[in-house]
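Inspection log for the structure reproduced underneath, given as structure tokens.
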Amino acid sequence: MAIPIRNTVYDKIKEASSLTDVDLYKILTKDGYALAQDRFNKILLDLEILGLIKVSWITKDERRIEVIIEEKEVDEIEKQNKEMMEKDYEASYPGFEK
């Protein structure tokens, strides 16, 4: 089964973490993915709508593409609840001492 081109484009962006659309297009062409410019723009738009990348204009003809890295917030209360549940689970076995 072939990998969708959108995934390939996202992987290339992720490898570089930040690059221009011109550089990305050159990388894809070099790797054998010949895309029309409108298809290339559609893929970038889809990835941006999905919240995977951020596209911003550098100059009139060039855009910067960056990967969006989501940092997960650690909820202290949930963390404490999870630890308590683990301790209760371990304590439910007979002969367990800690």
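Scheme for the structure tokens: letters A, B, ... for chains in order shown; per-chain residue numbers from 1; ligand numbers from 1 in order shown.
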
- Residues within 6 Å of Ser17 of chain A, only C-alpha atoms, excluding chain neighbours under 4 positions, as a list of chain:residue names: A:Ile13, A:Glu66, A:Val67

If we count only C-alpha atoms and set the cut-off at 7 Å, which residues sit around Leu19 of chain A, ignoring sequence neighbours fewer than 5 positions away in its own chain? Please answer as an mmCIF file with N, CA and C atoms, in the first residue's frame.
```
data_model
loop_
_atom_site.group_PDB
_atom_site.id
_atom_site.type_symbol
_atom_site.label_atom_id
_atom_site.label_comp_id
_atom_site.auth_asym_id
_atom_site.auth_seq_id
_atom_site.Cartn_x
_atom_site.Cartn_y
_atom_site.Cartn_z
ATOM 1 N N LEU A 24 11.657 22.866 0.301
ATOM 2 C CA LEU A 24 10.844 21.653 0.403
ATOM 3 C C LEU A 24 10.491 21.117 -0.980
ATOM 4 N N ARG A 64 7.873 30.331 4.948
ATOM 5 C CA ARG A 64 8.554 29.503 5.934
ATOM 6 C C ARG A 64 7.556 28.475 6.437
ATOM 7 N N ILE A 65 8.007 27.233 6.496
ATOM 8 C CA ILE A 65 7.166 26.128 6.960
ATOM 9 C C ILE A 65 7.812 25.564 8.219
ATOM 10 N N GLU A 66 7.035 25.480 9.284
ATOM 11 C CA GLU A 66 7.540 24.970 10.555
ATOM 12 C C GLU A 66 6.596 23.901 11.096
#
```

- Item | Distance query Asp61 of chain A at most 12 Å, only C-alpha atoms, self and fewer than 5 positions along chain excluded, as a PyMOL selection string | chain A and resi 20-22+56

Can I get the selection written as a PDB file, in the first residue's frame, with C-alpha atoms?
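Result written to result07.pdb:
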```pdb
ATOM      1  CA  THR A  20      11.137  27.296   3.094  1.00  0.00           C
ATOM      2  CA  ASP A  21       8.588  26.130   0.570  1.00  0.00           C
ATOM      3  CA  VAL A  22      11.197  26.467  -2.182  1.00  0.00           C
ATOM      4  CA  SER A  56       4.104  32.105   7.202  1.00  0.00           C
TER       5      SER A  56
END
```

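The two atoms in question, atom CA of Lys12 of chain A and atom CA of Leu45 of chain A, are spaced 15.5 Å apart.
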
- Item | Polymer residues at most 7 Å from Leu52 of chain A, only C-alpha atoms, same-chain spacing of 3 or more positions, as an MDAnalysis selection string | chainID A and resid 47:48 67:68

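Note that the spacing between atom CA of Tyr93 of chain A and atom CA of Glu78 of chain A amounts to 23.6 Å.
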
- Which of chain A counts as strand (DSSP E) under DSSP, as a ChimeraX atom specification please? /A:18-20,53-57,63-67

- Message: What does the structure give for the distance between atom CA of Ala34 of chain A and atom CA of Ile69 of chain A, in Å to one decimal?
- Response: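 Distance reported for this atom pair: 28.0 Å.
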
- Item | Counting only C-alpha atoms, the residue of A:Asp23, A:Asp88, A:Thr29, A:Ile53 that sits nearest Asp11 of chain A |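 Among A:Asp23, A:Asp88, A:Thr29, A:Ile53, it is A:Ile53 that comes nearest to Asp11 of chain A.
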
- 10 Å contact set for Tyr33 of chain A, only C-alpha atoms, chain neighbours under 4 positions out, as a list in words: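 Counting only the stated atoms, we get Ile5, Thr8, Val9, Tyr25, Lys26, Ile27, Leu28 and Thr29 of chain A.
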
For the residues in the current selection, export C-alpha atoms as a short mmCIF file (atom, residue, chain, number, x, y, z; two decimals), in the first residue's frame.
```cif
data_model
loop_
_atom_site.label_atom_id
_atom_site.label_comp_id
_atom_site.auth_asym_id
_atom_site.auth_seq_id
_atom_site.Cartn_x
_atom_site.Cartn_y
_atom_site.Cartn_z
CA ILE A 5 2.02 12.12 -0.49
CA THR A 8 5.68 12.10 2.87
CA VAL A 9 5.59 15.90 2.75
CA TYR A 25 9.77 21.60 -3.24
CA LYS A 26 13.40 20.98 -4.30
CA ILE A 27 13.76 18.15 -1.77
CA LEU A 28 10.56 16.48 -2.97
CA THR A 29 11.58 16.83 -6.63
#
```

Could you find all residues in chain A that DSSP calls helix (DSSP H, G or I) from the backbone, and write them as a PDB file with C-alpha atoms, in the first residue's frame?
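states-v3.pdb was written with the following content:
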```
ATOM      1  CA  ILE A   5       2.023  12.118  -0.490  1.00  0.00           C
ATOM      2  CA  ARG A   6       0.727  14.286   2.371  1.00  0.00           C
ATOM      3  CA  ASN A   7       2.470  11.989   4.873  1.00  0.00           C
ATOM      4  CA  THR A   8       5.677  12.105   2.869  1.00  0.00           C
ATOM      5  CA  VAL A   9       5.594  15.903   2.752  1.00  0.00           C
ATOM      6  CA  TYR A  10       4.961  16.059   6.507  1.00  0.00           C
ATOM      7  CA  ASP A  11       7.865  13.670   7.179  1.00  0.00           C
ATOM      8  CA  LYS A  12      10.214  15.847   5.102  1.00  0.00           C
ATOM      9  CA  ILE A  13       9.117  18.950   7.019  1.00  0.00           C
ATOM     10  CA  LYS A  14       9.517  17.118  10.336  1.00  0.00           C
ATOM     11  CA  GLU A  15      13.057  16.052   9.437  1.00  0.00           C
ATOM     12  CA  ALA A  16      14.079  19.658   8.823  1.00  0.00           C
ATOM     13  CA  ASP A  21       8.588  26.130   0.570  1.00  0.00           C
ATOM     14  CA  VAL A  22      11.197  26.467  -2.182  1.00  0.00           C
ATOM     15  CA  ASP A  23      13.603  24.162  -0.341  1.00  0.00           C
ATOM     16  CA  LEU A  24      10.844  21.653   0.403  1.00  0.00           C
ATOM     17  CA  TYR A  25       9.767  21.604  -3.238  1.00  0.00           C
ATOM     18  CA  LYS A  26      13.396  20.978  -4.299  1.00  0.00           C
ATOM     19  CA  ILE A  27      13.755  18.146  -1.766  1.00  0.00           C
ATOM     20  CA  LEU A  28      10.562  16.482  -2.967  1.00  0.00           C
ATOM     21  CA  THR A  29      11.577  16.835  -6.628  1.00  0.00           C
ATOM     22  CA  LYS A  30      15.018  15.401  -5.868  1.00  0.00           C
ATOM     23  CA  GLN A  37       2.461  23.766  -7.729  1.00  0.00           C
ATOM     24  CA  ASP A  38      -1.281  23.838  -6.993  1.00  0.00           C
ATOM     25  CA  ARG A  39      -1.164  20.275  -5.580  1.00  0.00           C
ATOM     26  CA  PHE A  40       1.862  21.242  -3.458  1.00  0.00           C
ATOM     27  CA  ASN A  41      -0.007  24.281  -2.081  1.00  0.00           C
ATOM     28  CA  LYS A  42      -3.086  22.141  -1.363  1.00  0.00           C
ATOM     29  CA  ILE A  43      -1.010  19.670   0.635  1.00  0.00           C
ATOM     30  CA  LEU A  44       0.546  22.493   2.665  1.00  0.00           C
ATOM     31  CA  LEU A  45      -2.912  23.962   3.289  1.00  0.00           C
ATOM     32  CA  ASP A  46      -4.274  20.569   4.406  1.00  0.00           C
ATOM     33  CA  LEU A  47      -1.372  20.081   6.831  1.00  0.00           C
ATOM     34  CA  GLU A  48      -1.864  23.570   8.212  1.00  0.00           C
ATOM     35  CA  ILE A  49      -5.611  23.012   8.688  1.00  0.00           C
ATOM     36  CA  GLU A  76      -0.941  17.528  38.935  1.00  0.00           C
ATOM     37  CA  ILE A  77      -4.247  16.234  40.290  1.00  0.00           C
ATOM     38  CA  GLU A  78      -4.499  13.559  37.574  1.00  0.00           C
ATOM     39  CA  LYS A  79      -0.880  12.597  38.226  1.00  0.00           C
ATOM     40  CA  GLN A  80      -1.557  12.199  41.956  1.00  0.00           C
ATOM     41  CA  ASN A  81      -4.735  10.199  41.269  1.00  0.00           C
ATOM     42  CA  LYS A  82      -2.849   7.864  38.959  1.00  0.00           C
ATOM     43  CA  GLU A  83      -0.116   7.303  41.547  1.00  0.00           C
ATOM     44  CA  MET A  84      -2.705   6.561  44.245  1.00  0.00           C
ATOM     45  CA  MET A  85      -4.525   4.101  41.989  1.00  0.00           C
ATOM     46  CA  GLU A  86      -1.233   2.314  41.262  1.00  0.00           C
ATOM     47  CA  LYS A  87      -0.414   2.104  44.966  1.00  0.00           C
ATOM     48  CA  ASP A  88      -3.901   0.813  45.780  1.00  0.00           C
ATOM     49  CA  TYR A  89      -3.610  -1.779  43.012  1.00  0.00           C
ATOM     50  CA  GLU A  90      -0.222  -2.972  44.274  1.00  0.00           C
ATOM     51  CA  ALA A  91      -1.464  -3.026  47.851  1.00  0.00           C
TER      52      ALA A  91
END
```
